[in-house]
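> What follows is the file query_34.txt, containing compact mmCIF, N, CA and C atoms and all ligand atoms:
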```txt
# COMPACT_ATOMS: atom_id res chain seq x y z
N MET A 99 -27.93 -10.65 -13.14
CA MET A 99 -26.69 -11.34 -12.76
C MET A 99 -26.85 -11.97 -11.38
N ASP A 100 -26.49 -13.24 -11.27
CA ASP A 100 -26.65 -13.86 -9.94
C ASP A 100 -25.43 -13.60 -9.06
N LYS A 101 -25.60 -13.99 -7.85
CA LYS A 101 -24.58 -13.69 -6.84
C LYS A 101 -23.22 -14.30 -7.18
N GLU A 102 -23.29 -15.54 -7.64
CA GLU A 102 -22.06 -16.28 -7.96
C GLU A 102 -21.28 -15.54 -9.05
N GLN A 103 -22.02 -15.09 -10.05
CA GLN A 103 -21.41 -14.39 -11.17
C GLN A 103 -20.77 -13.08 -10.72
N LYS A 104 -21.48 -12.39 -9.85
CA LYS A 104 -20.99 -11.13 -9.33
C LYS A 104 -19.68 -11.32 -8.60
N LYS A 105 -19.67 -12.38 -7.81
CA LYS A 105 -18.48 -12.69 -7.02
C LYS A 105 -17.29 -12.97 -7.95
N LYS A 106 -17.59 -13.70 -9.00
CA LYS A 106 -16.55 -14.05 -9.96
C LYS A 106 -15.95 -12.80 -10.60
N LEU A 107 -16.85 -11.91 -11.00
CA LEU A 107 -16.41 -10.67 -11.63
C LEU A 107 -15.55 -9.84 -10.70
N LYS A 108 -15.96 -9.83 -9.46
CA LYS A 108 -15.25 -9.05 -8.46
C LYS A 108 -13.83 -9.59 -8.28
N THR A 109 -13.72 -10.91 -8.22
CA THR A 109 -12.41 -11.54 -8.07
C THR A 109 -11.55 -11.22 -9.28
N GLN A 110 -12.15 -11.32 -10.45
CA GLN A 110 -11.44 -11.03 -11.69
C GLN A 110 -10.95 -9.59 -11.71
N PHE A 111 -11.81 -8.70 -11.27
CA PHE A 111 -11.47 -7.29 -11.23
C PHE A 111 -10.27 -7.05 -10.32
N LYS A 112 -10.33 -7.68 -9.17
CA LYS A 112 -9.25 -7.53 -8.21
C LYS A 112 -7.94 -8.08 -8.79
N LYS A 113 -8.06 -9.19 -9.50
CA LYS A 113 -6.87 -9.79 -10.09
C LYS A 113 -6.27 -8.88 -11.16
N ASN A 114 -7.12 -8.29 -11.97
CA ASN A 114 -6.64 -7.36 -12.99
C ASN A 114 -5.94 -6.17 -12.35
N GLU A 115 -6.53 -5.68 -11.28
CA GLU A 115 -5.93 -4.56 -10.57
C GLU A 115 -4.54 -4.91 -10.08
N GLN A 116 -4.43 -6.11 -9.53
CA GLN A 116 -3.13 -6.54 -9.01
C GLN A 116 -2.12 -6.74 -10.13
N ASP A 117 -2.59 -7.29 -11.25
CA ASP A 117 -1.69 -7.46 -12.39
C ASP A 117 -1.17 -6.11 -12.87
N GLU A 118 -2.09 -5.15 -12.93
CA GLU A 118 -1.69 -3.82 -13.37
C GLU A 118 -0.68 -3.21 -12.42
N LEU A 119 -0.94 -3.37 -11.14
CA LEU A 119 -0.05 -2.84 -10.12
C LEU A 119 1.33 -3.51 -10.24
N LEU A 120 1.32 -4.81 -10.40
CA LEU A 120 2.57 -5.56 -10.56
C LEU A 120 3.35 -5.05 -11.77
N ALA A 121 2.62 -4.83 -12.86
CA ALA A 121 3.28 -4.38 -14.08
C ALA A 121 3.85 -2.97 -13.91
N SER A 122 3.25 -2.19 -13.01
CA SER A 122 3.68 -0.81 -12.85
C SER A 122 4.83 -0.65 -11.84
N LEU A 123 5.14 -1.73 -11.12
CA LEU A 123 6.17 -1.61 -10.08
C LEU A 123 7.51 -1.17 -10.68
N PRO A 124 8.09 -0.12 -10.08
CA PRO A 124 9.38 0.36 -10.60
C PRO A 124 10.56 -0.40 -10.00
N MET A 125 10.28 -1.44 -9.24
CA MET A 125 11.35 -2.25 -8.64
C MET A 125 10.81 -3.64 -8.38
N SER A 126 11.67 -4.55 -7.96
CA SER A 126 11.19 -5.90 -7.71
C SER A 126 10.33 -5.93 -6.44
N ILE A 127 9.52 -6.95 -6.32
CA ILE A 127 8.68 -7.08 -5.13
C ILE A 127 9.55 -7.18 -3.88
N ASP A 128 10.67 -7.88 -4.00
CA ASP A 128 11.56 -8.02 -2.85
C ASP A 128 12.11 -6.66 -2.41
N ASP A 129 12.51 -5.84 -3.39
CA ASP A 129 13.01 -4.51 -3.05
C ASP A 129 11.90 -3.68 -2.40
N LEU A 130 10.71 -3.81 -2.94
CA LEU A 130 9.59 -3.04 -2.40
C LEU A 130 9.30 -3.46 -0.96
N LYS A 131 9.32 -4.75 -0.74
CA LYS A 131 9.06 -5.26 0.60
C LYS A 131 10.15 -4.82 1.57
N ASP A 132 11.40 -4.85 1.08
CA ASP A 132 12.52 -4.40 1.92
C ASP A 132 12.41 -2.91 2.21
N LEU A 133 11.97 -2.15 1.21
CA LEU A 133 11.79 -0.71 1.42
C LEU A 133 10.78 -0.46 2.54
N LEU A 134 9.66 -1.17 2.48
CA LEU A 134 8.63 -0.99 3.50
C LEU A 134 9.13 -1.43 4.87
N SER A 135 9.86 -2.54 4.90
CA SER A 135 10.41 -3.02 6.16
C SER A 135 11.42 -2.02 6.72
N PHE A 136 12.21 -1.45 5.80
CA PHE A 136 13.22 -0.47 6.21
C PHE A 136 12.55 0.75 6.83
N LEU A 137 11.51 1.26 6.18
CA LEU A 137 10.84 2.45 6.69
C LEU A 137 10.10 2.16 7.99
N ASN A 138 9.71 0.91 8.13
CA ASN A 138 8.88 0.52 9.27
C ASN A 138 9.72 0.02 10.45
N ARG A 139 11.05 0.03 10.27
CA ARG A 139 11.91 -0.54 11.32
C ARG A 139 11.78 0.25 12.60
N GLU A 140 12.10 -0.41 13.70
CA GLU A 140 11.87 0.20 15.00
C GLU A 140 12.72 1.43 15.24
N SER A 141 13.95 1.39 14.72
CA SER A 141 14.87 2.50 14.98
C SER A 141 14.72 3.64 13.98
N ALA A 142 13.70 3.58 13.13
CA ALA A 142 13.52 4.62 12.12
C ALA A 142 13.27 5.96 12.81
N PRO A 143 13.91 7.04 12.30
CA PRO A 143 13.65 8.36 12.87
C PRO A 143 12.23 8.80 12.55
N GLU A 144 11.74 9.77 13.31
CA GLU A 144 10.39 10.27 13.05
C GLU A 144 10.35 10.90 11.66
N CYS A 145 9.25 10.71 10.98
CA CYS A 145 9.14 11.23 9.62
C CYS A 145 9.26 12.76 9.63
N ASP A 146 10.14 13.30 8.78
CA ASP A 146 10.29 14.76 8.71
C ASP A 146 9.55 15.31 7.48
N HIS A 147 8.57 14.56 7.02
CA HIS A 147 7.71 14.97 5.90
C HIS A 147 8.47 15.10 4.59
N THR A 148 9.52 14.31 4.47
CA THR A 148 10.19 14.17 3.19
C THR A 148 10.32 12.67 2.93
N LEU A 149 10.87 12.34 1.77
CA LEU A 149 11.11 10.92 1.45
C LEU A 149 12.57 10.57 1.69
N LYS A 150 13.18 11.28 2.66
CA LYS A 150 14.60 11.12 2.92
C LYS A 150 15.01 9.66 3.10
N GLU A 151 14.31 8.97 3.98
CA GLU A 151 14.65 7.58 4.28
C GLU A 151 14.41 6.68 3.07
N ALA A 152 13.30 6.90 2.41
CA ALA A 152 12.98 6.09 1.23
C ALA A 152 14.04 6.27 0.16
N ILE A 153 14.45 7.51 -0.05
CA ILE A 153 15.44 7.80 -1.09
C ILE A 153 16.80 7.19 -0.73
N GLU A 154 17.12 7.25 0.56
CA GLU A 154 18.36 6.63 1.02
C GLU A 154 18.37 5.14 0.68
N PHE A 155 17.23 4.49 0.94
CA PHE A 155 17.12 3.06 0.64
C PHE A 155 17.22 2.81 -0.87
N ILE A 156 16.49 3.61 -1.63
CA ILE A 156 16.47 3.45 -3.09
C ILE A 156 17.89 3.55 -3.65
N LYS A 157 18.65 4.54 -3.13
CA LYS A 157 20.03 4.71 -3.61
C LYS A 157 20.91 3.56 -3.16
N SER A 158 20.68 3.06 -1.94
CA SER A 158 21.51 1.96 -1.44
C SER A 158 21.32 0.70 -2.28
N ARG A 159 20.19 0.61 -2.99
CA ARG A 159 19.93 -0.55 -3.85
C ARG A 159 20.27 -0.27 -5.31
N ASN A 160 20.87 0.90 -5.53
CA ASN A 160 21.17 1.32 -6.91
C ASN A 160 19.93 1.38 -7.79
N LEU A 161 18.83 1.79 -7.18
CA LEU A 161 17.60 1.98 -7.95
C LEU A 161 17.49 3.48 -8.26
N ASP A 162 16.58 3.82 -9.18
CA ASP A 162 16.50 5.19 -9.64
C ASP A 162 15.38 5.96 -8.95
N PRO A 163 15.73 6.90 -8.06
CA PRO A 163 14.68 7.66 -7.35
C PRO A 163 13.79 8.44 -8.31
N GLU A 164 14.34 8.84 -9.45
CA GLU A 164 13.53 9.63 -10.38
C GLU A 164 12.39 8.82 -10.98
N VAL A 165 12.52 7.51 -10.94
CA VAL A 165 11.45 6.65 -11.42
C VAL A 165 10.54 6.25 -10.25
N ILE A 166 11.16 5.99 -9.11
CA ILE A 166 10.40 5.43 -7.99
C ILE A 166 9.62 6.48 -7.21
N VAL A 167 10.22 7.66 -7.01
CA VAL A 167 9.53 8.69 -6.22
C VAL A 167 8.17 9.07 -6.83
N PRO A 168 8.10 9.31 -8.15
CA PRO A 168 6.77 9.61 -8.72
C PRO A 168 5.78 8.45 -8.55
N TRP A 169 6.30 7.23 -8.62
CA TRP A 169 5.44 6.06 -8.44
C TRP A 169 4.89 6.03 -7.02
N LEU A 170 5.75 6.32 -6.04
CA LEU A 170 5.28 6.36 -4.65
C LEU A 170 4.19 7.43 -4.51
N GLY A 171 4.40 8.57 -5.18
CA GLY A 171 3.43 9.66 -5.13
C GLY A 171 2.07 9.24 -5.69
N GLU A 172 2.12 8.44 -6.76
CA GLU A 172 0.88 7.96 -7.36
C GLU A 172 0.06 7.15 -6.37
N HIS A 173 0.77 6.54 -5.41
CA HIS A 173 0.07 5.72 -4.42
C HIS A 173 -0.04 6.45 -3.08
N GLY A 174 0.10 7.76 -3.12
CA GLY A 174 -0.12 8.55 -1.91
C GLY A 174 1.06 8.61 -0.97
N GLY A 175 2.24 8.17 -1.44
CA GLY A 175 3.42 8.19 -0.58
C GLY A 175 4.30 9.41 -0.84
N PHE A 176 3.94 10.53 -0.21
CA PHE A 176 4.71 11.75 -0.44
C PHE A 176 5.75 12.00 0.64
N CYS A 177 5.75 11.19 1.68
CA CYS A 177 6.81 11.25 2.68
C CYS A 177 6.94 9.85 3.27
N ASP A 178 7.98 9.64 4.09
CA ASP A 178 8.27 8.28 4.55
C ASP A 178 7.10 7.61 5.27
N CYS A 179 6.40 8.36 6.14
CA CYS A 179 5.31 7.72 6.88
C CYS A 179 4.12 7.41 5.96
N GLU A 180 3.92 8.27 4.95
CA GLU A 180 2.82 8.01 4.01
C GLU A 180 3.09 6.79 3.15
N VAL A 181 4.38 6.53 2.91
CA VAL A 181 4.71 5.33 2.15
C VAL A 181 4.25 4.11 2.95
N ILE A 182 4.52 4.13 4.26
CA ILE A 182 4.10 2.99 5.07
C ILE A 182 2.58 2.87 5.09
N PHE A 183 1.89 4.00 5.26
CA PHE A 183 0.44 3.93 5.35
C PHE A 183 -0.24 3.73 4.00
N ASN A 184 0.03 4.64 3.07
CA ASN A 184 -0.75 4.64 1.82
C ASN A 184 -0.23 3.65 0.79
N VAL A 185 1.09 3.63 0.59
CA VAL A 185 1.61 2.73 -0.44
C VAL A 185 1.44 1.28 0.03
N TYR A 186 1.73 1.05 1.29
CA TYR A 186 1.58 -0.31 1.81
C TYR A 186 0.13 -0.78 1.69
N ASP A 187 -0.79 0.16 1.88
CA ASP A 187 -2.20 -0.15 1.73
C ASP A 187 -2.50 -0.66 0.31
N ASP A 188 -1.86 -0.04 -0.66
CA ASP A 188 -2.09 -0.42 -2.06
C ASP A 188 -1.39 -1.71 -2.44
N VAL A 189 -0.18 -1.90 -1.93
CA VAL A 189 0.62 -3.03 -2.41
C VAL A 189 0.64 -4.21 -1.43
N GLY A 190 0.01 -4.04 -0.27
CA GLY A 190 0.04 -5.10 0.75
C GLY A 190 -0.37 -6.46 0.21
N ASP A 191 -1.38 -6.46 -0.67
CA ASP A 191 -1.87 -7.72 -1.22
C ASP A 191 -0.80 -8.45 -2.04
N ILE A 192 0.05 -7.70 -2.71
CA ILE A 192 1.03 -8.37 -3.55
C ILE A 192 2.36 -8.61 -2.85
N VAL A 193 2.71 -7.75 -1.87
CA VAL A 193 3.96 -8.02 -1.17
C VAL A 193 3.73 -8.90 0.06
N GLY A 194 2.47 -9.08 0.43
CA GLY A 194 2.17 -9.83 1.64
C GLY A 194 2.09 -8.84 2.79
N TRP A 195 1.20 -9.11 3.71
CA TRP A 195 0.96 -8.10 4.75
C TRP A 195 1.92 -8.17 5.90
N HIS A 196 2.79 -9.19 5.88
CA HIS A 196 3.70 -9.31 7.00
C HIS A 196 5.08 -8.77 6.65
N LEU A 197 5.50 -7.72 7.33
CA LEU A 197 6.83 -7.17 7.09
C LEU A 197 7.85 -7.86 7.98
N GLU A 198 9.10 -7.93 7.48
CA GLU A 198 10.17 -8.48 8.30
C GLU A 198 10.36 -7.56 9.51
N GLU A 199 10.64 -8.17 10.65
CA GLU A 199 10.80 -7.36 11.86
C GLU A 199 12.08 -6.53 11.80
N ASP A 200 13.20 -7.19 11.54
CA ASP A 200 14.41 -6.39 11.33
C ASP A 200 15.20 -6.81 10.11
N SER A 201 15.23 -5.90 9.16
CA SER A 201 16.08 -6.12 8.00
C SER A 201 16.53 -4.77 7.50
ZN ZN A 301 5.37 11.76 7.02
```
Could you express the structure from this file as structure tokens?
Ligand SMILES: [Zn+2]


Amino acid sequence: MDKEQKKKLKTQFKKNEQDELLASLPMSIDDLKDLLSFLNRESAPECDHTLKEAIEFIKSRNLDPEVIVPWLGEHGGFCDCEVIFNVYDDVGDIVGWHLEEDS
């Protein structure tokens, strides 16, 4: 296999991964981005090793925590700060790496 072909396969693989991730999202991309911005806001309290803040946001959007919390866990988000670090790491490519400063 030549280099060009390898590169192509790699791009395709990445695209498939993103499609799968998109298909698995338990909420819209906008909600997900807002969730990350919310957790990342400057006035956010220090993480108390629960998903308290995330769940508060999920409920404020009338989304179902019973669906979303396990999904966050699948991406390593077991508490609010891990959502910012681990989940954002996984979904950054599809939500865009720039979070709103205040929303
Ligand atoms: Zn934490």

> What is the distance between CA of Ser126 in chain A and CA of Glu180 in chain A, in Å to one decimal?

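So the answer is 20.0 Å.
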
> Residues at most 5 Å from ligand ZN 301 (chain A), using all atoms listed in the file? Could they come as a list of chain:residue names?

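Here is the list of contacting residues: A:Cys145, A:His147, A:Cys177, A:Asp178, A:Cys179, A:Glu180.
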
> From a DSSP pass on the backbone, collect the residues of chain A flagged as alpha helix (DSSP H) and hand them back as a count of residues only.

63

> Considering only C-alpha atoms, tabulate each residue of range 110-133 of chain A that lies at most 8 Å from range 184-196 of chain A along with its nearest interatomic pair and the corresponding distance in Å to one decimal; arrange the rows by chain and ascending residue number and present them as a tab-separated table.


```
residue	atom	partner	partner_atom	distance
A:Gln116	CA	A:Ile192	CA	7.1
A:Leu119	CA	A:Val189	CA	7.7
A:Leu120	CA	A:Ile192	CA	7.7
A:Ile127	CA	A:Val193	CA	6.2
A:Asp128	CA	A:Val193	CA	7.8
A:Leu130	CA	A:Val193	CA	7.6
A:Lys131	CA	A:Val193	CA	6.1
```

> Would you save the residues of that selection, restricted to N, CA and C atoms, as a PDB file, in the coordinates of the input?


```pdb
ATOM      1  N   GLN A 116      -4.430  -6.110  -9.530  1.00  0.00           N
ATOM      2  CA  GLN A 116      -3.130  -6.540  -9.010  1.00  0.00           C
ATOM      3  C   GLN A 116      -2.120  -6.740 -10.130  1.00  0.00           C
ATOM      4  N   LEU A 119      -0.940  -3.370 -11.140  1.00  0.00           N
ATOM      5  CA  LEU A 119      -0.050  -2.840 -10.120  1.00  0.00           C
ATOM      6  C   LEU A 119       1.330  -3.510 -10.240  1.00  0.00           C
ATOM      7  N   LEU A 120       1.320  -4.810 -10.400  1.00  0.00           N
ATOM      8  CA  LEU A 120       2.570  -5.560 -10.560  1.00  0.00           C
ATOM      9  C   LEU A 120       3.350  -5.050 -11.770  1.00  0.00           C
ATOM     10  N   ILE A 127       9.520  -6.950  -6.320  1.00  0.00           N
ATOM     11  CA  ILE A 127       8.680  -7.080  -5.130  1.00  0.00           C
ATOM     12  C   ILE A 127       9.550  -7.180  -3.880  1.00  0.00           C
ATOM     13  N   ASP A 128      10.670  -7.880  -4.000  1.00  0.00           N
ATOM     14  CA  ASP A 128      11.560  -8.020  -2.850  1.00  0.00           C
ATOM     15  C   ASP A 128      12.110  -6.660  -2.410  1.00  0.00           C
ATOM     16  N   LEU A 130      10.710  -3.810  -2.940  1.00  0.00           N
ATOM     17  CA  LEU A 130       9.590  -3.040  -2.400  1.00  0.00           C
ATOM     18  C   LEU A 130       9.300  -3.460  -0.960  1.00  0.00           C
ATOM     19  N   LYS A 131       9.320  -4.750  -0.740  1.00  0.00           N
ATOM     20  CA  LYS A 131       9.060  -5.260   0.600  1.00  0.00           C
ATOM     21  C   LYS A 131      10.150  -4.820   1.570  1.00  0.00           C
TER      22      LYS A 131
END
```

> Using only C-alpha atoms, which of A:Asp129, A:Lys150, A:Pro124, A:Val181 sits nearest Val165 in chain A?

A:Pro124

> So that all listed atoms of range 155-161 of chain A fit with 5 Å spare on each side, what axis-aligned box centre and edge lengths in Å, to one decimal, would you give as lines of an AutoDock Vina configuration file?


```
center_x = 19.0
center_y = 2.1
center_z = -3.7
size_x = 15.0
size_y = 15.3
size_z = 19.2
```

> I'd like the interatomic distance between CA of Asp132 in chain A and CA of Asn160 in chain A, to a tenth of an Å.

13.6 Å

> So what do you get for CA of Phe136 in chain A versus CA of Lys113 in chain A, distance-wise?

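One can read the CA of Phe136 in chain A to CA of Lys113 in chain A distance as 27.5 Å.
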
> Pick out the closest residue to Ala152 in chain A from this set: A:Ala121, A:Met99, A:Leu133, A:Leu197. Count all atoms listed in the file.

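For Ala152 in chain A, the nearest of the candidates is A:Leu133.
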